[in-house]
Every structure is written in C-alpha cells, then in structure tokens.
$ cat structure13.txt   # compact mmCIF, N, CA and C atoms
# COMPACT_ATOMS: atom_id res chain seq x y z
N MET A 4 -21.55 -88.98 39.53
CA MET A 4 -21.22 -88.60 40.89
C MET A 4 -19.74 -88.91 41.13
N SER A 5 -19.06 -88.03 41.80
CA SER A 5 -17.63 -88.17 42.03
C SER A 5 -17.35 -89.18 43.13
N THR A 6 -16.28 -89.94 42.97
CA THR A 6 -15.88 -90.89 44.00
C THR A 6 -14.70 -90.38 44.79
N ASN A 7 -14.37 -89.12 44.63
CA ASN A 7 -13.29 -88.50 45.37
C ASN A 7 -13.63 -88.50 46.85
N PRO A 8 -12.80 -89.15 47.72
CA PRO A 8 -13.12 -89.25 49.13
C PRO A 8 -13.21 -87.89 49.82
N GLN A 9 -12.53 -86.87 49.29
CA GLN A 9 -12.58 -85.56 49.92
C GLN A 9 -13.84 -84.79 49.56
N SER A 10 -14.61 -85.26 48.59
CA SER A 10 -15.82 -84.55 48.20
C SER A 10 -17.01 -84.95 49.06
N GLY A 11 -16.88 -86.02 49.84
CA GLY A 11 -17.98 -86.47 50.67
C GLY A 11 -18.15 -85.63 51.92
N LEU A 12 -19.30 -85.75 52.53
CA LEU A 12 -19.61 -85.01 53.74
C LEU A 12 -18.95 -85.64 54.97
N LEU A 13 -18.79 -86.95 54.95
CA LEU A 13 -18.22 -87.68 56.08
C LEU A 13 -16.86 -88.26 55.73
N SER A 14 -16.03 -88.39 56.75
CA SER A 14 -14.78 -89.11 56.54
C SER A 14 -15.10 -90.59 56.42
N ARG A 15 -14.14 -91.36 55.94
CA ARG A 15 -14.37 -92.80 55.80
C ARG A 15 -14.62 -93.45 57.16
N ASP A 16 -13.92 -93.00 58.19
CA ASP A 16 -14.12 -93.55 59.54
C ASP A 16 -15.53 -93.25 60.05
N ALA A 17 -15.98 -92.01 59.85
CA ALA A 17 -17.32 -91.63 60.31
C ALA A 17 -18.38 -92.39 59.52
N GLU A 18 -18.16 -92.54 58.23
CA GLU A 18 -19.10 -93.28 57.40
C GLU A 18 -19.18 -94.73 57.83
N ALA A 19 -18.05 -95.33 58.13
CA ALA A 19 -18.02 -96.72 58.58
C ALA A 19 -18.71 -96.87 59.93
N ALA A 20 -18.48 -95.92 60.83
CA ALA A 20 -19.10 -95.98 62.15
C ALA A 20 -20.62 -95.84 62.04
N ALA A 21 -21.07 -94.91 61.21
CA ALA A 21 -22.51 -94.72 61.03
C ALA A 21 -23.14 -95.96 60.40
N SER A 22 -22.48 -96.51 59.42
CA SER A 22 -22.98 -97.70 58.76
C SER A 22 -23.07 -98.87 59.75
N ALA A 23 -22.07 -99.02 60.58
CA ALA A 23 -22.07 -100.10 61.58
C ALA A 23 -23.20 -99.89 62.59
N ALA A 24 -23.41 -98.63 63.00
CA ALA A 24 -24.47 -98.34 63.96
C ALA A 24 -25.84 -98.65 63.38
N PHE A 25 -26.07 -98.25 62.11
CA PHE A 25 -27.35 -98.56 61.48
C PHE A 25 -27.51 -100.06 61.26
N GLY A 26 -26.42 -100.74 60.96
CA GLY A 26 -26.48 -102.19 60.82
C GLY A 26 -26.85 -102.86 62.13
N ALA A 27 -26.26 -102.38 63.23
CA ALA A 27 -26.57 -102.93 64.54
C ALA A 27 -28.02 -102.67 64.91
N LEU A 28 -28.52 -101.47 64.60
CA LEU A 28 -29.92 -101.14 64.87
C LEU A 28 -30.85 -102.05 64.07
N ALA A 29 -30.56 -102.22 62.79
CA ALA A 29 -31.40 -103.08 61.95
C ALA A 29 -31.39 -104.52 62.46
N SER A 30 -30.22 -104.99 62.86
CA SER A 30 -30.11 -106.34 63.40
C SER A 30 -30.88 -106.48 64.69
N SER A 31 -30.78 -105.47 65.55
CA SER A 31 -31.49 -105.48 66.81
C SER A 31 -32.99 -105.49 66.61
N LEU A 32 -33.46 -104.68 65.67
CA LEU A 32 -34.89 -104.63 65.39
C LEU A 32 -35.38 -105.96 64.82
N ALA A 33 -34.58 -106.56 63.98
CA ALA A 33 -34.97 -107.82 63.36
C ALA A 33 -35.02 -108.95 64.37
N SER A 34 -34.06 -108.96 65.31
CA SER A 34 -33.98 -110.09 66.24
C SER A 34 -34.85 -109.92 67.48
N SER A 35 -34.98 -108.71 68.00
CA SER A 35 -35.72 -108.55 69.25
C SER A 35 -37.00 -107.77 69.10
N GLY A 36 -37.24 -107.21 67.95
CA GLY A 36 -38.42 -106.39 67.77
C GLY A 36 -39.70 -107.18 67.66
N GLY A 37 -39.61 -108.46 67.42
CA GLY A 37 -40.80 -109.27 67.30
C GLY A 37 -41.69 -108.82 66.15
N GLY A 38 -41.09 -108.31 65.09
CA GLY A 38 -41.86 -107.84 63.95
C GLY A 38 -42.40 -106.43 64.13
N ARG A 39 -42.01 -105.77 65.21
CA ARG A 39 -42.48 -104.41 65.46
C ARG A 39 -41.70 -103.43 64.59
N THR A 40 -42.35 -102.36 64.21
CA THR A 40 -41.69 -101.35 63.41
C THR A 40 -40.93 -100.40 64.32
N LEU A 41 -40.04 -99.64 63.75
CA LEU A 41 -39.30 -98.64 64.50
C LEU A 41 -40.26 -97.63 65.11
N GLU A 42 -41.30 -97.25 64.38
CA GLU A 42 -42.29 -96.30 64.87
C GLU A 42 -42.97 -96.83 66.13
N GLU A 43 -43.30 -98.12 66.15
CA GLU A 43 -43.93 -98.72 67.34
C GLU A 43 -42.99 -98.70 68.53
N ILE A 44 -41.74 -99.00 68.29
CA ILE A 44 -40.75 -99.01 69.38
C ILE A 44 -40.57 -97.60 69.93
N VAL A 45 -40.45 -96.62 69.04
CA VAL A 45 -40.30 -95.22 69.47
C VAL A 45 -41.54 -94.76 70.22
N ALA A 46 -42.72 -95.11 69.73
CA ALA A 46 -43.97 -94.72 70.41
C ALA A 46 -43.99 -95.28 71.83
N ASP A 47 -43.58 -96.53 72.00
CA ASP A 47 -43.54 -97.12 73.33
C ASP A 47 -42.55 -96.40 74.24
N MET A 48 -41.44 -95.95 73.66
CA MET A 48 -40.45 -95.22 74.44
C MET A 48 -40.95 -93.83 74.83
N LEU A 49 -41.74 -93.21 73.95
CA LEU A 49 -42.21 -91.84 74.20
C LEU A 49 -43.41 -91.77 75.15
N LYS A 50 -44.18 -92.84 75.26
CA LYS A 50 -45.39 -92.81 76.10
C LYS A 50 -45.10 -92.38 77.54
N PRO A 51 -44.10 -92.94 78.21
CA PRO A 51 -43.84 -92.49 79.59
C PRO A 51 -43.43 -91.03 79.67
N MET A 52 -42.66 -90.55 78.69
CA MET A 52 -42.25 -89.15 78.69
C MET A 52 -43.45 -88.24 78.47
N LEU A 53 -44.34 -88.63 77.55
CA LEU A 53 -45.54 -87.84 77.28
C LEU A 53 -46.44 -87.82 78.51
N LYS A 54 -46.60 -88.96 79.16
CA LYS A 54 -47.43 -89.03 80.37
C LYS A 54 -46.88 -88.11 81.44
N GLU A 55 -45.57 -88.13 81.65
CA GLU A 55 -44.95 -87.26 82.65
C GLU A 55 -45.19 -85.79 82.31
N TRP A 56 -45.01 -85.43 81.03
CA TRP A 56 -45.21 -84.03 80.63
C TRP A 56 -46.66 -83.62 80.85
N LEU A 57 -47.60 -84.49 80.46
CA LEU A 57 -49.01 -84.18 80.65
C LEU A 57 -49.36 -84.04 82.12
N ASP A 58 -48.84 -84.95 82.95
CA ASP A 58 -49.10 -84.88 84.39
C ASP A 58 -48.61 -83.57 84.98
N GLU A 59 -47.47 -83.09 84.51
CA GLU A 59 -46.88 -81.86 85.03
C GLU A 59 -47.52 -80.60 84.45
N ASN A 60 -47.95 -80.63 83.20
CA ASN A 60 -48.36 -79.41 82.52
C ASN A 60 -49.85 -79.28 82.21
N LEU A 61 -50.55 -80.39 82.08
CA LEU A 61 -51.94 -80.32 81.65
C LEU A 61 -52.85 -79.58 82.64
N PRO A 62 -52.77 -79.84 83.93
CA PRO A 62 -53.68 -79.14 84.85
C PRO A 62 -53.56 -77.61 84.75
N SER A 63 -52.35 -77.09 84.77
CA SER A 63 -52.20 -75.63 84.70
C SER A 63 -52.60 -75.10 83.32
N LEU A 64 -52.35 -75.87 82.29
CA LEU A 64 -52.73 -75.45 80.94
C LEU A 64 -54.25 -75.36 80.81
N VAL A 65 -54.94 -76.39 81.29
CA VAL A 65 -56.41 -76.39 81.24
C VAL A 65 -56.96 -75.25 82.09
N GLU A 66 -56.41 -75.07 83.28
CA GLU A 66 -56.87 -74.00 84.17
C GLU A 66 -56.73 -72.63 83.50
N ARG A 67 -55.59 -72.39 82.88
CA ARG A 67 -55.36 -71.11 82.22
C ARG A 67 -56.32 -70.91 81.06
N LEU A 68 -56.51 -71.94 80.23
CA LEU A 68 -57.39 -71.82 79.08
C LEU A 68 -58.85 -71.63 79.49
N VAL A 69 -59.28 -72.32 80.54
CA VAL A 69 -60.65 -72.16 81.02
C VAL A 69 -60.84 -70.75 81.57
N ALA A 70 -59.86 -70.24 82.32
CA ALA A 70 -59.96 -68.88 82.85
C ALA A 70 -60.03 -67.86 81.71
N GLU A 71 -59.23 -68.05 80.68
CA GLU A 71 -59.27 -67.14 79.53
C GLU A 71 -60.63 -67.19 78.83
N GLU A 72 -61.19 -68.38 78.69
CA GLU A 72 -62.49 -68.52 78.04
C GLU A 72 -63.59 -67.88 78.88
N ILE A 73 -63.55 -68.08 80.19
CA ILE A 73 -64.53 -67.45 81.08
C ILE A 73 -64.44 -65.94 80.97
N GLU A 74 -63.23 -65.41 80.95
CA GLU A 74 -63.03 -63.96 80.82
C GLU A 74 -63.58 -63.46 79.48
N ARG A 75 -63.33 -64.20 78.43
CA ARG A 75 -63.81 -63.80 77.10
C ARG A 75 -65.33 -63.78 77.06
N VAL A 76 -65.98 -64.80 77.61
CA VAL A 76 -67.44 -64.86 77.64
C VAL A 76 -67.99 -63.75 78.51
N ALA A 77 -67.37 -63.50 79.65
CA ALA A 77 -67.83 -62.46 80.57
C ALA A 77 -67.75 -61.08 79.91
N ARG A 78 -66.71 -60.82 79.15
CA ARG A 78 -66.57 -59.53 78.46
C ARG A 78 -67.66 -59.35 77.41
N ARG A 79 -68.04 -60.42 76.75
CA ARG A 79 -69.05 -60.34 75.70
C ARG A 79 -70.43 -60.03 76.29
N LYS A 80 -70.71 -60.57 77.47
CA LYS A 80 -72.01 -60.37 78.11
C LYS A 80 -72.07 -59.04 78.85
N GLY A 81 -70.93 -58.53 79.28
CA GLY A 81 -70.94 -57.33 80.12
C GLY A 81 -70.79 -56.12 79.35
$ encode --input "structure13.txt" --output "structure tokens"
Amino acid sequence: MSTNPQSGLLSRDAEAAASAAFGALASSLASSGGGRTLEEIVADMLKPMLKEWLDENLPSLVERLVAEEIERVARRKG
C-alpha cells in the first residue's frame, strides 16, 4: 500500500480531525456509557423520534390499510 499523502482519500487535517472525533466518542462511551453499547445508546435516542412518527402516522396508515382490505373483501363477495 502506498504511503503517498496525495493518494489518500482525506487530507492529513481531515484525517486527524476524524480520528480525534472518534477518539472522543470512544472515550465518552467508555466513561459515561456505563458499559452500554453504541447500539443501545442510539436505540435510546431513536425511541422518542419513532414514537413521534408513529403517533403522527400510524392512525392514518391503519385507517387506509383497513379501508383497502374492506374494499378488497367486498369486491370478492360482490
């Protein structure tokens, strides 16, 4: 593999910044995560967003699907 700095995808500054950010994330998870995995932390963050989406969209989605199913059954019997 070439060590030519111009052959890389990132500049040295961008690589250093990304490395520092991942280091800070790893340190944060180790110190405050209480042994929790990244997946657990992300799941906890997503739960309120998912609840909001479901609250806004689920009633109309269920209503539409039930109406479609009723129409499908009615066509088969009629």
$ atom_distance --input "structure13.txt" --atom1 "atom CA of A:Lys54" --atom2 "atom CA of A:Ala70"
23.9 Å
$ atom_distance --input "structure13.txt" --atom1 "atom C of A:Leu57" --atom2 "atom N of A:Ile73"
21.4 Å
$ atom_distance --input "structure13.txt" --atom1 "atom CA of A:Thr40" --atom2 "atom CA of A:Ala27"
15.2 Å
$ select_by_dssp --input "structure13.txt" --residues "chain A" --states "alpha helix (DSSP H)" --output "ChimeraX atom specification"
/A:15-35,41-80
$ build_atoms --input "structure13.txt" --residues "stretch 17-28 of chain A" --atoms "all heavy atoms" --output "mmCIF file, in the frame of the given file"
data_model
loop_
_atom_site.group_PDB
_atom_site.id
_atom_site.type_symbol
_atom_site.label_atom_id
_atom_site.label_comp_id
_atom_site.auth_asym_id
_atom_site.auth_seq_id
_atom_site.Cartn_x
_atom_site.Cartn_y
_atom_site.Cartn_z
ATOM 1 N N ALA A 17 -15.980 -92.010 59.850
ATOM 2 C CA ALA A 17 -17.320 -91.630 60.310
ATOM 3 C C ALA A 17 -18.380 -92.390 59.520
ATOM 4 O O ALA A 17 -19.380 -92.842 60.075
ATOM 5 C CB ALA A 17 -17.517 -90.125 60.172
ATOM 6 N N GLU A 18 -18.160 -92.540 58.230
ATOM 7 C CA GLU A 18 -19.100 -93.280 57.400
ATOM 8 C C GLU A 18 -19.180 -94.730 57.830
ATOM 9 O O GLU A 18 -20.268 -95.307 57.946
ATOM 10 C CB GLU A 18 -18.680 -93.185 55.934
ATOM 11 C CG GLU A 18 -19.667 -93.812 54.975
ATOM 12 C CD GLU A 18 -19.239 -93.667 53.524
ATOM 13 O OE1 GLU A 18 -18.499 -92.713 53.187
ATOM 14 O OE2 GLU A 18 -19.663 -94.519 52.729
ATOM 15 N N ALA A 19 -18.050 -95.330 58.130
ATOM 16 C CA ALA A 19 -18.020 -96.720 58.580
ATOM 17 C C ALA A 19 -18.710 -96.870 59.930
ATOM 18 O O ALA A 19 -19.460 -97.827 60.154
ATOM 19 C CB ALA A 19 -16.587 -97.228 58.650
ATOM 20 N N ALA A 20 -18.480 -95.920 60.830
ATOM 21 C CA ALA A 20 -19.100 -95.980 62.150
ATOM 22 C C ALA A 20 -20.620 -95.840 62.040
ATOM 23 O O ALA A 20 -21.368 -96.571 62.698
ATOM 24 C CB ALA A 20 -18.520 -94.891 63.055
ATOM 25 N N ALA A 21 -21.070 -94.910 61.210
ATOM 26 C CA ALA A 21 -22.510 -94.720 61.030
ATOM 27 C C ALA A 21 -23.140 -95.960 60.400
ATOM 28 O O ALA A 21 -24.212 -96.401 60.808
ATOM 29 C CB ALA A 21 -22.776 -93.486 60.170
ATOM 30 N N SER A 22 -22.480 -96.510 59.420
ATOM 31 C CA SER A 22 -22.980 -97.700 58.760
ATOM 32 C C SER A 22 -23.070 -98.870 59.750
ATOM 33 O O SER A 22 -24.066 -99.605 59.767
ATOM 34 C CB SER A 22 -22.070 -98.070 57.589
ATOM 35 O OG SER A 22 -22.526 -99.238 56.962
ATOM 36 N N ALA A 23 -22.070 -99.020 60.580
ATOM 37 C CA ALA A 23 -22.070 -100.100 61.580
ATOM 38 C C ALA A 23 -23.200 -99.890 62.590
ATOM 39 O O ALA A 23 -23.882 -100.841 62.984
ATOM 40 C CB ALA A 23 -20.727 -100.166 62.288
ATOM 41 N N ALA A 24 -23.410 -98.630 63.000
ATOM 42 C CA ALA A 24 -24.470 -98.340 63.960
ATOM 43 C C ALA A 24 -25.840 -98.650 63.380
ATOM 44 O O ALA A 24 -26.701 -99.241 64.036
ATOM 45 C CB ALA A 24 -24.393 -96.884 64.409
ATOM 46 N N PHE A 25 -26.070 -98.250 62.110
ATOM 47 C CA PHE A 25 -27.350 -98.560 61.480
ATOM 48 C C PHE A 25 -27.510 -100.060 61.260
ATOM 49 O O PHE A 25 -28.609 -100.599 61.387
ATOM 50 C CB PHE A 25 -27.510 -97.807 60.159
ATOM 51 C CG PHE A 25 -27.933 -96.375 60.341
ATOM 52 C CD1 PHE A 25 -27.112 -95.342 59.946
ATOM 53 C CD2 PHE A 25 -29.154 -96.070 60.917
ATOM 54 C CE1 PHE A 25 -27.496 -94.013 60.109
ATOM 55 C CE2 PHE A 25 -29.551 -94.757 61.096
ATOM 56 C CZ PHE A 25 -28.722 -93.724 60.689
ATOM 57 N N GLY A 26 -26.420 -100.740 60.960
ATOM 58 C CA GLY A 26 -26.480 -102.190 60.820
ATOM 59 C C GLY A 26 -26.850 -102.860 62.130
ATOM 60 O O GLY A 26 -27.665 -103.791 62.162
ATOM 61 N N ALA A 27 -26.260 -102.380 63.230
ATOM 62 C CA ALA A 27 -26.570 -102.930 64.540
ATOM 63 C C ALA A 27 -28.020 -102.670 64.910
ATOM 64 O O ALA A 27 -28.712 -103.523 65.472
ATOM 65 C CB ALA A 27 -25.641 -102.340 65.597
ATOM 66 N N LEU A 28 -28.520 -101.470 64.600
ATOM 67 C CA LEU A 28 -29.920 -101.140 64.870
ATOM 68 C C LEU A 28 -30.850 -102.050 64.070
ATOM 69 O O LEU A 28 -31.805 -102.600 64.606
ATOM 70 C CB LEU A 28 -30.200 -99.667 64.531
ATOM 71 C CG LEU A 28 -31.650 -99.217 64.667
ATOM 72 C CD1 LEU A 28 -32.141 -99.364 66.103
ATOM 73 C CD2 LEU A 28 -31.804 -97.790 64.188
#
